[in-house]
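Colleague: Below is a structure I'd like to ask you about.
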Amino acid sequence: MLPKYSPADIETKHYARWQASGAFQADFSRSEAFCIQLPPPNVTGTLHMGHAFNQTVMDGLARYYRMKGRNTCWIPGTDHAGIATQIVVERQLAAQGISRHDLGREAFLEKVWQWKEQSGGTIAEQMRRVGCSADWQREYFTMDDTRAEAVTRVFVKLYQQGLIYRGKRLVNWDPVLGTAVSDLEVENVEEQGFMYYVRYPFVAGQGLDGKFMHIATTRPETILADGALAVAPDDERYAHLVGKMVHVPMTDRIIPVIADEYVDKDFGSGCVKITPAHDFNDYAVGERHKMEVINLFTEKAVMNDNAPAAYRGLDRFAAREKIIEDLKAAGLLEKIEAHTLMRPRGDRTGTVIEPYLTDQWFVAMHAQPQGGEPDSEFRGMSLAQKAKTAVDSGQVKFVPENWVNTYNQWMNNLQDWCISRQLWWGHQIPAWYDDNGNIYVARSEAEAQAQAGAGVALQRDEDVLDTWFSSALVPFSTLGWTDDGINTDELKAFLPSSVLVTGYEIIFFWVARMIMMTTHFTGKVPFKDVYIHGMVRDHEGKKMSKSEGNVIDPVDLIDGIGLPELLDKRTTGLRRPETAPQVRQATEKLFPTGIPAMGADALRFTMASYASLGRNINFDFKRAEGYRNFCNKIWNASNFVLMNAEGKDCGQDESLPLAYSFADQWIIGRLQQTEQAVTEAYETYRFDLAAQTLYDFVWNDFCDWYVELAKVQLQNGCESRQRTTRRTLVRVLETALRLLHPIIPFITEELWQHIAPLANAKHGDSLMSAAFPVPDPEKIVPSTFEQMAVLQDLIGAVRNLRGEMGIAPNVKAPLFVESTDDLGAYFPYLTAMARLSEAVPCAALPESEDAPVAVCRDARLMLKVEVDKAAETARLNKEAEKLQKALDKLNAKLAKPGYTDKAPAYLVEKDRAELAELNAKMDKVRIALDKLK
């Protein structure tokens with residue numbers, strides 16, 4: 001007999017045993033390989049719901065293909081997360097009153113490495129808690145020595161091929177961090193701002209004295225760097241003004257009015273200011289018209305010497321206020337209007353991001369490489385062409401397929417990739433400069449010195465590479481790649497990997513760049529399939545964020561956490577401390593008593609159930625509770641099987657006679673159908689379908705039906721029937737555990753160890769190495785499905801009769817059955833499962849004024865039971881009174897002024913559903929009362 005189900009008691013035990021046995025490691029004795037790369041989470045991070053979802057799918061695939069006999073390799077790793085990590089350590093230093101500049105670069109980096117050693121393994125340990133069967137011997141860090149060597153080799157090679165260059169371009173600039181940032185690190189936030197309407201006086205002598213051009217801007221401080229005013233080429237209102245000159249307000253400069261297709265003549269006044277150094281679109285217009293590019297800001301977004309003297313040294317927003325005052329004083333500010341705008345803010349600092357003109361390193365997306373590529377069909381193509389060809393040719397497939405459109409849309413508008421960051425933590429760019437500004441790119445300073453010549457003083461570039469640069473090399477840098485053309489066993493076996501599982505938000509930043517780099521340096525695609533999943537949101541569809549108080553830590557779901565601890569955890573370390581009351585209120589509303597322990601299996605099954613091909617996942621805590629109950633159901637069913645099978649004849653001796661009932665054959669046939677459906681679901685990344693199929697089979701077919709039918713057979717059957725029943729119970733359960741294992745590995749491992757010997761299953765050290773079930777269509781007997789359907793209909797009809805007559809569950813009544821068919825084979829099951837005293841076949845039903853008759857197929861059914869009308873009337877009246885109170889309370893709530901408009905939609909919908917359910921119950925009670933009258 002099994003003890004009470006306790007996830008905590010089995011999870012640590014089995015994971016430690018799996019890892020110690022080497023079960024997670026690749027096995028090169030197997031021919032066909034399955035490889036999957038973990039999208040490396042930030043070393044600063046902890047597990048969140050997106051990770052739990054992503055890793056459930058990956059681990060499910062790894063476990064499935066491992067059981068299918070593949071040489072399975074799941075490669076884990078973490079990303080050094082340049083910006084995030086540097087911020088963490090700088091904040092720690094700031095708490096001590098120290099800055100990184102006080103320490104110097106070398107000492108600061110020592111501090112970062114110390115922090116990484118102490119805190120960097122958090123997420124890997126949390127992955128173990130979820131049950132991830134990754135090959136931890138292959139775990140990498142994107143700043144470890146192997147990856148550093150690969151990064152250097154790649155950078156140097158690309159530079160030599162003419163695909164990396166240094167140039168002055170506009171980039172997203174975070175003035176607080178003092179570095180360029182990628183688009184992914186910029187959040188466009190809707191905010192209330194202002195639109196400023198400004199007059200530009202025409203230069204005298206053009207026949208326009210006293211007249212103005214009119215523009216509207218949200219950033220008046222950038223007026224000082226305007227290069228032109230632009231109108232649409234087909235705008236007749238301004239055609240006579242193209243070529244005329246205007247004064248730039250608050251400066252001594254004059255600029256032309258130009259015509260450009262960029263301008264929308266129907267938007268605003270149809271005239272816009274062009275500021276090439278401070279707007280990405282304006283920069284492109286400026287290049288077309290060969291405008292002067294004037295940068296107004298320092299790295300800290302302070303006005304520099306290119307601004308008029310009155311504004312130099314002012315912060316950008318202080319400069320804005322002064323310019324507004326000066327425009328008013330000069331009569332050049334028409335009006336100011338409130339305006340809603342999308343403002344770009346740094347996701348780490350919250351500061352407004354500036355388009356900033358600066359010298360950076362770039363990877364050329366459209367240039368042709370100058371030799372040095374491996375022989376392949378991608379040879380001679382630009383990086384952009386390679387990434388496009390890999391998908392167009394079908395070598396890389398997206399699942400769902402519609403993400404190809406998103407991928408192509410980005411590829412068709414691809415710009416050169418800015419890869420330099422003004423940080424200290426990261427892969428320092430392998431480039432050196434002499435006093436004349438000449439650049440020497442090399443694998444080491446010694447090689448650079450050899451290029452420059454003896455005696456030439458060199459200074460290394462202080463910038464580091466974008467984090468995504470080293471991440472783009474993961475498909476081959478983790479498999480022993482070097483650029484000497486030697487293929488390791490790992491490269492031969494695991495490149496391309498089988499599938500990449502990732503979110504849609506990094507298709508551009510990571511997926512495409514991995515395709516570029518891998519095809520360029522190995523001649524192979526990095527992966528065959530890209531399974532794109534949605535983003536995990538809260539139950540209302542809102543993005544999970546600490547400030548909203550709707551974040552759920554997966555480990556809290558696994559272990560459980562009390563409300564005081566949960567509140568303390570959620571309100572500590574908020575980026576915006578002023579949101580703590582809001583976080584506290586939201587937490588108390590969602591989890592008034594904290595979060596009960598669900599266990600890793602329930603969490604995983606929940607995530608699998610959400611893994612559809614949709615875009616977003618609204619996480620409902622109640623669903624996790626439901627799957628915790630499902631795990632408990634499996635445990636209890638297994639306990640029943642063991643109690644009835646251990647130490648008994650379970651048909652292990654194949655020579656002994658067996659007597660299969662239609663119920664045995666039905667459950668065996670349903671098992672074959674389930675095996676087929678689950679196999680197809682796993683292989684098409686439809687974990688939601690696999691989870692639903694397994695849930696229906698185990699809960700409904702096996703537990704609710706077959707186990708109950710088996711009780712009848714074990715109690716009343718002959719020796720061979722009992723043997724066959726035990727054999728069917730253990731073998732169906734053992735197979736179901738193997739089917740479930742990729743999704744819920746812990747509970748299935750624990751139970752399988754008990755069940756497998758009884759089922760004559762191949763019993764190795766672990767369920768992980770057991771064979772995944774293969775369906776056998778010959779075991780499906782169609783006639784038994786019809787027989788089972790008849791039995792289920794009969795039981796359903798009798799249960800409805802009991803409910804209609806108000807017969808208590810503990811009361812057994814005789815059933816009279818009038819039918820031309822012989823239904824006797826069903827009577828033993830019917831009697832037990834419908835709680836009958838007996839089932840009596842008869843030529844005609846007894847006459848009765850009170851007893852209702854049910855029709856089921858060709859049969860007529862009647863329950864004969866004496867009903868105490870007075871007692872039943874009293875019971876029903878009491879039930880009606882209770883229901884009416886609940887209805888009155890709910891109707892009052894819904895009728896409360898403003899409730900349905902102001903309350904969250906999901907709560908209103910829930911209340912209305914509850915109201916409909918209560919009304920349906922009340923209708924049934926009234927009908928029953930009418931019949932008693």
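Labels for the structure tokens follow display order: chains A, B, ..., residues from 1 in each chain, ligands from 1.
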Using only C-alpha atoms, determine which residues lie at most 12 Å from Thr85 (chain A), disregarding the query and same-chain residues fewer than 3 positions distant; provide the list as a ChimeraX atom specification.
Modeller: /A:42-45,79-82,88-92,108-109,111-116,119-120,348,423-426,467
Colleague: Those same residues, written as a JSON list (two decimals), in the first residue's frame with N, CA and C atoms?
Modeller:
[["chain", "number", "residue", "atom", "x", "y", "z"],
["A", 42, "ASN", "N", 19.15, 34.76, -18.30],
["A", 42, "ASN", "CA", 20.12, 35.68, -17.72],
["A", 42, "ASN", "C", 20.68, 35.14, -16.41],
["A", 43, "VAL", "N", 21.98, 35.29, -16.23],
["A", 43, "VAL", "CA", 22.63, 34.82, -15.00],
["A", 43, "VAL", "C", 22.11, 35.58, -13.79],
["A", 44, "THR", "N", 21.53, 36.76, -14.01],
["A", 44, "THR", "CA", 20.98, 37.55, -12.91],
["A", 44, "THR", "C", 19.62, 37.06, -12.47],
["A", 45, "GLY", "N", 19.01, 36.19, -13.28],
["A", 45, "GLY", "CA", 17.59, 35.93, -13.11],
["A", 45, "GLY", "C", 17.26, 34.82, -12.13],
["A", 79, "ASP", "N", 23.27, 33.07, -19.79],
["A", 79, "ASP", "CA", 23.81, 34.22, -20.51],
["A", 79, "ASP", "C", 24.39, 35.22, -19.51],
["A", 80, "HIS", "N", 25.52, 35.84, -19.88],
["A", 80, "HIS", "CA", 26.17, 36.75, -18.94],
["A", 80, "HIS", "C", 25.41, 38.06, -18.75],
["A", 81, "ALA", "N", 24.44, 38.35, -19.65],
["A", 81, "ALA", "CA", 23.51, 39.48, -19.46],
["A", 81, "ALA", "C", 24.25, 40.76, -19.11],
["A", 82, "GLY", "N", 24.96, 41.30, -20.11],
["A", 82, "GLY", "CA", 25.86, 42.43, -19.87],
["A", 82, "GLY", "C", 25.28, 43.55, -19.04],
["A", 88, "VAL", "N", 23.38, 45.12, -11.44],
["A", 88, "VAL", "CA", 23.28, 44.44, -10.14],
["A", 88, "VAL", "C", 24.51, 44.74, -9.29],
["A", 89, "VAL", "N", 25.68, 44.57, -9.89],
["A", 89, "VAL", "CA", 26.91, 44.75, -9.12],
["A", 89, "VAL", "C", 27.15, 46.22, -8.81],
["A", 90, "GLU", "N", 26.84, 47.11, -9.73],
["A", 90, "GLU", "CA", 27.00, 48.54, -9.46],
["A", 90, "GLU", "C", 26.10, 48.98, -8.31],
["A", 91, "ARG", "N", 24.90, 48.43, -8.23],
["A", 91, "ARG", "CA", 24.01, 48.78, -7.12],
["A", 91, "ARG", "C", 24.56, 48.28, -5.80],
["A", 92, "GLN", "N", 25.16, 47.11, -5.81],
["A", 92, "GLN", "CA", 25.78, 46.60, -4.59],
["A", 92, "GLN", "C", 26.91, 47.52, -4.14],
["A", 108, "PHE", "N", 36.73, 45.91, -10.84],
["A", 108, "PHE", "CA", 35.27, 45.80, -10.96],
["A", 108, "PHE", "C", 34.88, 44.45, -11.54],
["A", 109, "LEU", "N", 35.59, 44.01, -12.57],
["A", 109, "LEU", "CA", 35.27, 42.73, -13.18],
["A", 109, "LEU", "C", 35.50, 41.57, -12.20],
["A", 111, "LYS", "N", 34.89, 41.78, -9.07],
["A", 111, "LYS", "CA", 33.68, 41.81, -8.24],
["A", 111, "LYS", "C", 32.52, 41.11, -8.96],
["A", 112, "VAL", "N", 32.40, 41.34, -10.28],
["A", 112, "VAL", "CA", 31.31, 40.72, -11.04],
["A", 112, "VAL", "C", 31.47, 39.20, -11.03],
["A", 113, "TRP", "N", 32.69, 38.72, -11.26],
["A", 113, "TRP", "CA", 32.91, 37.27, -11.26],
["A", 113, "TRP", "C", 32.63, 36.67, -9.88],
["A", 114, "GLN", "N", 32.98, 37.41, -8.83],
["A", 114, "GLN", "CA", 32.68, 36.92, -7.47],
["A", 114, "GLN", "C", 31.17, 36.79, -7.28],
["A", 115, "TRP", "N", 30.43, 37.81, -7.74],
["A", 115, "TRP", "CA", 28.97, 37.76, -7.62],
["A", 115, "TRP", "C", 28.40, 36.60, -8.44],
["A", 116, "LYS", "N", 28.96, 36.38, -9.64],
["A", 116, "LYS", "CA", 28.47, 35.31, -10.50],
["A", 116, "LYS", "C", 28.67, 33.96, -9.83],
["A", 119, "SER", "N", 25.95, 33.78, -6.91],
["A", 119, "SER", "CA", 24.51, 33.86, -7.21],
["A", 119, "SER", "C", 24.13, 33.35, -8.59],
["A", 120, "GLY", "N", 25.12, 33.06, -9.41],
["A", 120, "GLY", "CA", 24.84, 32.76, -10.81],
["A", 120, "GLY", "C", 24.18, 31.43, -11.07],
["A", 348, "ARG", "N", 15.76, 48.72, -18.04],
["A", 348, "ARG", "CA", 16.51, 48.55, -16.79],
["A", 348, "ARG", "C", 16.52, 49.80, -15.93],
["A", 423, "LEU", "N", 30.04, 49.21, -21.95],
["A", 423, "LEU", "CA", 30.01, 48.59, -20.63],
["A", 423, "LEU", "C", 31.40, 48.04, -20.31],
["A", 424, "TRP", "N", 31.56, 47.52, -19.09],
["A", 424, "TRP", "CA", 32.79, 46.82, -18.74],
["A", 424, "TRP", "C", 32.59, 45.31, -18.68],
["A", 425, "TRP", "N", 31.35, 44.89, -18.37],
["A", 425, "TRP", "CA", 31.07, 43.46, -18.25],
["A", 425, "TRP", "C", 30.61, 42.92, -19.60],
["A", 426, "GLY", "N", 31.39, 42.00, -20.13],
["A", 426, "GLY", "CA", 31.05, 41.42, -21.43],
["A", 426, "GLY", "C", 32.33, 41.02, -22.15],
["A", 467, "THR", "N", 25.32, 41.40, -25.81],
["A", 467, "THR", "CA", 25.08, 40.06, -25.28],
["A", 467, "THR", "C", 24.58, 39.11, -26.35]]
Colleague: When you look at region 165-178 of chain A with a cut-off of 8 Å (counting only C-alpha atoms), what residues show up, excluding the ones that are within fewer than 4 positions of it in the same chain? I need them as a PDB file with N, CA and C atoms, in the first residue's frame.
Modeller:
ATOM      1  N   TYR A 159      35.532  40.362 -39.317  1.00  0.00           N
ATOM      2  CA  TYR A 159      36.238  41.586 -39.659  1.00  0.00           C
ATOM      3  C   TYR A 159      37.109  41.364 -40.896  1.00  0.00           C
ATOM      4  N   SER A 182      19.801  47.558 -27.249  1.00  0.00           N
ATOM      5  CA  SER A 182      19.044  46.997 -28.364  1.00  0.00           C
ATOM      6  C   SER A 182      17.570  47.372 -28.255  1.00  0.00           C
ATOM      7  N   ASP A 183      16.837  47.171 -29.344  1.00  0.00           N
ATOM      8  CA  ASP A 183      15.399  47.454 -29.337  1.00  0.00           C
ATOM      9  C   ASP A 183      14.678  46.659 -28.255  1.00  0.00           C
ATOM     10  N   ALA A 277      20.336  63.962 -36.384  1.00  0.00           N
ATOM     11  CA  ALA A 277      21.113  63.381 -35.291  1.00  0.00           C
ATOM     12  C   ALA A 277      20.242  62.888 -34.141  1.00  0.00           C
ATOM     13  N   HIS A 278      18.935  63.127 -34.201  1.00  0.00           N
ATOM     14  CA  HIS A 278      18.113  62.827 -33.024  1.00  0.00           C
ATOM     15  C   HIS A 278      16.803  62.109 -33.354  1.00  0.00           C
ATOM     16  N   ASP A 279      16.737  61.504 -34.520  1.00  0.00           N
ATOM     17  CA  ASP A 279      15.553  60.718 -34.884  1.00  0.00           C
ATOM     18  C   ASP A 279      15.956  59.735 -35.988  1.00  0.00           C
ATOM     19  N   PHE A 280      15.543  58.473 -35.832  1.00  0.00           N
ATOM     20  CA  PHE A 280      15.977  57.447 -36.792  1.00  0.00           C
ATOM     21  C   PHE A 280      15.425  57.704 -38.192  1.00  0.00           C
ATOM     22  N   TYR A 283      17.177  60.662 -39.712  1.00  0.00           N
ATOM     23  CA  TYR A 283      18.543  60.340 -40.132  1.00  0.00           C
ATOM     24  C   TYR A 283      18.551  59.829 -41.579  1.00  0.00           C
ATOM     25  N   GLU A 299      27.050  62.114 -23.689  1.00  0.00           N
ATOM     26  CA  GLU A 299      26.619  60.759 -23.342  1.00  0.00           C
ATOM     27  C   GLU A 299      25.611  60.753 -22.199  1.00  0.00           C
ATOM     28  N   LYS A 300      25.569  61.814 -21.399  1.00  0.00           N
ATOM     29  CA  LYS A 300      24.640  61.903 -20.265  1.00  0.00           C
ATOM     30  C   LYS A 300      23.391  62.706 -20.615  1.00  0.00           C
ATOM     31  N   ALA A 301      23.168  62.950 -21.921  1.00  0.00           N
ATOM     32  CA  ALA A 301      22.009  63.712 -22.397  1.00  0.00           C
ATOM     33  C   ALA A 301      22.017  65.145 -21.866  1.00  0.00           C
ATOM     34  N   GLY A 346      14.240  52.932 -21.161  1.00  0.00           N
ATOM     35  CA  GLY A 346      15.110  51.792 -20.927  1.00  0.00           C
ATOM     36  C   GLY A 346      14.462  50.826 -19.961  1.00  0.00           C
ATOM     37  N   THR A 349      16.539  50.972 -16.558  1.00  0.00           N
ATOM     38  CA  THR A 349      16.696  52.216 -15.805  1.00  0.00           C
ATOM     39  C   THR A 349      15.436  53.059 -15.775  1.00  0.00           C
ATOM     40  N   THR A 351      14.756  55.344 -17.774  1.00  0.00           N
ATOM     41  CA  THR A 351      15.023  56.658 -18.350  1.00  0.00           C
ATOM     42  C   THR A 351      14.579  56.720 -19.811  1.00  0.00           C
ATOM     43  N   VAL A 352      14.321  57.925 -20.291  1.00  0.00           N
ATOM     44  CA  VAL A 352      13.930  58.100 -21.693  1.00  0.00           C
ATOM     45  C   VAL A 352      15.139  57.837 -22.580  1.00  0.00           C
ATOM     46  N   ILE A 353      14.959  56.959 -23.548  1.00  0.00           N
ATOM     47  CA  ILE A 353      16.031  56.602 -24.473  1.00  0.00           C
ATOM     48  C   ILE A 353      16.177  57.666 -25.553  1.00  0.00           C
ATOM     49  N   GLU A 354      17.424  57.981 -25.859  1.00  0.00           N
ATOM     50  CA  GLU A 354      17.705  58.964 -26.910  1.00  0.00           C
ATOM     51  C   GLU A 354      18.254  58.281 -28.162  1.00  0.00           C
ATOM     52  N   PRO A 355      17.774  58.650 -29.345  1.00  0.00           N
ATOM     53  CA  PRO A 355      18.526  58.308 -30.557  1.00  0.00           C
ATOM     54  C   PRO A 355      19.821  59.131 -30.519  1.00  0.00           C
ATOM     55  N   TYR A 356      20.952  58.469 -30.548  1.00  0.00           N
ATOM     56  CA  TYR A 356      22.219  59.167 -30.276  1.00  0.00           C
ATOM     57  C   TYR A 356      23.242  58.797 -31.340  1.00  0.00           C
ATOM     58  N   LEU A 357      23.903  59.812 -31.864  1.00  0.00           N
ATOM     59  CA  LEU A 357      24.891  59.618 -32.910  1.00  0.00           C
ATOM     60  C   LEU A 357      26.253  59.359 -32.270  1.00  0.00           C
ATOM     61  N   THR A 358      26.784  58.170 -32.517  1.00  0.00           N
ATOM     62  CA  THR A 358      28.050  57.807 -31.872  1.00  0.00           C
ATOM     63  C   THR A 358      28.782  56.769 -32.696  1.00  0.00           C
ATOM     64  N   ASP A 359      30.078  56.619 -32.433  1.00  0.00           N
ATOM     65  CA  ASP A 359      30.888  55.600 -33.103  1.00  0.00           C
ATOM     66  C   ASP A 359      30.602  54.247 -32.471  1.00  0.00           C
ATOM     67  N   GLN A 360      30.238  53.269 -33.290  1.00  0.00           N
ATOM     68  CA  GLN A 360      29.935  51.929 -32.806  1.00  0.00           C
ATOM     69  C   GLN A 360      30.468  50.898 -33.807  1.00  0.00           C
ATOM     70  N   TRP A 361      30.508  49.651 -33.342  1.00  0.00           N
ATOM     71  CA  TRP A 361      30.849  48.530 -34.219  1.00  0.00           C
ATOM     72  C   TRP A 361      29.554  47.913 -34.756  1.00  0.00           C
ATOM     73  N   PHE A 362      29.599  47.536 -36.020  1.00  0.00           N
ATOM     74  CA  PHE A 362      28.413  46.987 -36.672  1.00  0.00           C
ATOM     75  C   PHE A 362      28.763  45.708 -37.439  1.00  0.00           C
ATOM     76  N   VAL A 363      27.764  44.807 -37.533  1.00  0.00           N
ATOM     77  CA  VAL A 363      27.855  43.674 -38.449  1.00  0.00           C
ATOM     78  C   VAL A 363      27.052  44.039 -39.690  1.00  0.00           C
ATOM     79  N   ALA A 364      27.694  43.940 -40.836  1.00  0.00           N
ATOM     80  CA  ALA A 364      27.031  44.268 -42.100  1.00  0.00           C
ATOM     81  C   ALA A 364      26.089  43.137 -42.498  1.00  0.00           C
ATOM     82  N   CYS A 418      24.149  46.776 -34.673  1.00  0.00           N
ATOM     83  CA  CYS A 418      25.084  47.438 -33.761  1.00  0.00           C
ATOM     84  C   CYS A 418      25.460  46.449 -32.660  1.00  0.00           C
ATOM     85  N   GLN A 422      28.805  50.147 -24.405  1.00  0.00           N
ATOM     86  CA  GLN A 422      29.749  50.926 -23.619  1.00  0.00           C
ATOM     87  C   GLN A 422      29.674  50.473 -22.150  1.00  0.00           C
ATOM     88  N   LEU A 423      30.038  49.206 -21.950  1.00  0.00           N
ATOM     89  CA  LEU A 423      30.013  48.590 -20.630  1.00  0.00           C
ATOM     90  C   LEU A 423      31.397  48.038 -20.312  1.00  0.00           C
TER      91      LEU A 423
END
Colleague: Please provide the set of residues having any atom within 12 Å of region 873-884 of chain A, restricted to only C-alpha atoms, with same-chain residues fewer than 3 positions apart removed, written as an mmCIF file with C-alpha atoms, in the first residue's frame.
Modeller:
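Okay, this is what ended up in selection.cif:
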data_model
loop_
_atom_site.group_PDB
_atom_site.id
_atom_site.type_symbol
_atom_site.label_atom_id
_atom_site.label_comp_id
_atom_site.auth_asym_id
_atom_site.auth_seq_id
_atom_site.Cartn_x
_atom_site.Cartn_y
_atom_site.Cartn_z
ATOM 1 C CA GLU A 804 -35.116 12.932 -10.834
ATOM 2 C CA MET A 805 -36.691 10.850 -8.046
ATOM 3 C CA GLY A 806 -34.484 12.359 -5.359
ATOM 4 C CA ILE A 807 -33.122 8.970 -4.270
ATOM 5 C CA ALA A 808 -30.267 9.444 -1.801
ATOM 6 C CA VAL A 867 -40.817 7.727 -1.541
ATOM 7 C CA ASP A 868 -41.727 9.450 1.733
ATOM 8 C CA LYS A 869 -43.526 12.375 0.134
ATOM 9 C CA ALA A 870 -43.645 14.480 3.276
ATOM 10 C CA LEU A 887 -29.899 33.952 -5.847
ATOM 11 C CA ASP A 888 -31.009 37.061 -3.954
ATOM 12 C CA LYS A 889 -27.441 37.811 -2.871
ATOM 13 C CA LEU A 890 -25.994 37.371 -6.365
ATOM 14 C CA ASN A 891 -28.780 39.364 -8.073
ATOM 15 C CA GLU A 914 -22.940 31.193 -11.201
ATOM 16 C CA LEU A 915 -26.349 32.889 -11.483
ATOM 17 C CA ALA A 916 -27.296 30.716 -14.460
ATOM 18 C CA GLU A 917 -26.223 27.601 -12.565
ATOM 19 C CA LEU A 918 -28.281 28.534 -9.495
ATOM 20 C CA ASN A 919 -31.358 29.222 -11.637
ATOM 21 C CA ALA A 920 -30.991 25.819 -13.312
ATOM 22 C CA LYS A 921 -30.838 24.104 -9.918
ATOM 23 C CA MET A 922 -33.871 26.022 -8.718
ATOM 24 C CA ASP A 923 -35.842 24.935 -11.819
ATOM 25 C CA LYS A 924 -35.078 21.285 -11.061
ATOM 26 C CA VAL A 925 -36.189 21.640 -7.446
ATOM 27 C CA ARG A 926 -39.474 23.268 -8.509
ATOM 28 C CA ILE A 927 -40.169 20.513 -11.036
ATOM 29 C CA ALA A 928 -39.551 17.867 -8.363
ATOM 30 C CA LEU A 929 -41.882 19.676 -5.948
ATOM 31 C CA ASP A 930 -44.597 19.891 -8.603
ATOM 32 C CA LYS A 931 -44.349 16.132 -9.179
ATOM 33 C CA LEU A 932 -44.724 15.428 -5.453
ATOM 34 C CA LYS A 933 -47.897 17.544 -5.378
#
Colleague: Residues at most 12 Å from Ala20 (chain A), counting only C-alpha atoms, excluding those fewer than 4 positions away in the same chain, as a list in words?
Modeller: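 Final neighbour list, sorted by chain and number: Lys13, His14, Tyr15, Ala16, Phe24, Gln25, Ser133, Asp135, Trp136, Gln137, Asp765 and Ser766 of chain A.
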Colleague: Can you spit out the residues from that selection as a PDB file, in the first residue's frame, using C-alpha atoms?
Modeller:
ATOM      1  CA  LYS A  13      14.865  11.670  -4.310  1.00  0.00           C
ATOM      2  CA  HIS A  14      14.282  10.858  -7.964  1.00  0.00           C
ATOM      3  CA  TYR A  15      16.067  13.874  -9.438  1.00  0.00           C
ATOM      4  CA  ALA A  16      19.226  13.129  -7.474  1.00  0.00           C
ATOM      5  CA  PHE A  24      20.622  12.951 -18.632  1.00  0.00           C
ATOM      6  CA  GLN A  25      23.796  12.481 -20.673  1.00  0.00           C
ATOM      7  CA  SER A 133      16.650  16.508 -17.559  1.00  0.00           C
ATOM      8  CA  ASP A 135      22.905  17.330 -19.571  1.00  0.00           C
ATOM      9  CA  TRP A 136      24.491  19.406 -16.818  1.00  0.00           C
ATOM     10  CA  GLN A 137      27.978  18.203 -17.762  1.00  0.00           C
ATOM     11  CA  ASP A 765      16.788   1.452 -13.211  1.00  0.00           C
ATOM     12  CA  SER A 766      14.432   4.188 -14.325  1.00  0.00           C
TER      13      SER A 766
END
Colleague: Can you build me a table of region 815-892 of chain A residues sitting at most 12 Å from region 645-666 of chain A, with the closest atom pair per residue and its distance in Å to one decimal, using only C-alpha atoms, sorted by chain and residue number, as JSON lines?
Modeller:
{"residue": "A:Ala825", "atom": "CA", "partner": "A:Phe662", "partner_atom": "CA", "distance": 9.7}
{"residue": "A:Tyr826", "atom": "CA", "partner": "A:Phe662", "partner_atom": "CA", "distance": 10.1}
{"residue": "A:Tyr829", "atom": "CA", "partner": "A:Ala663", "partner_atom": "CA", "distance": 9.9}
Colleague: Keeping only N, CA and C atoms, write the selected residues to a file as a compact mmCIF listing (two decimals), in the first residue's frame.
Modeller:
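Output (part21.txt):
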# COMPACT_ATOMS: atom_id res chain seq x y z
N ALA A 825 -25.69 -9.26 -19.67
CA ALA A 825 -24.24 -9.13 -19.47
C ALA A 825 -23.88 -7.83 -18.78
N TYR A 826 -24.78 -6.84 -18.89
CA TYR A 826 -24.49 -5.53 -18.31
C TYR A 826 -24.96 -5.41 -16.86
N TYR A 829 -22.50 -5.01 -13.74
CA TYR A 829 -21.86 -3.68 -13.72
C TYR A 829 -22.89 -2.61 -13.37
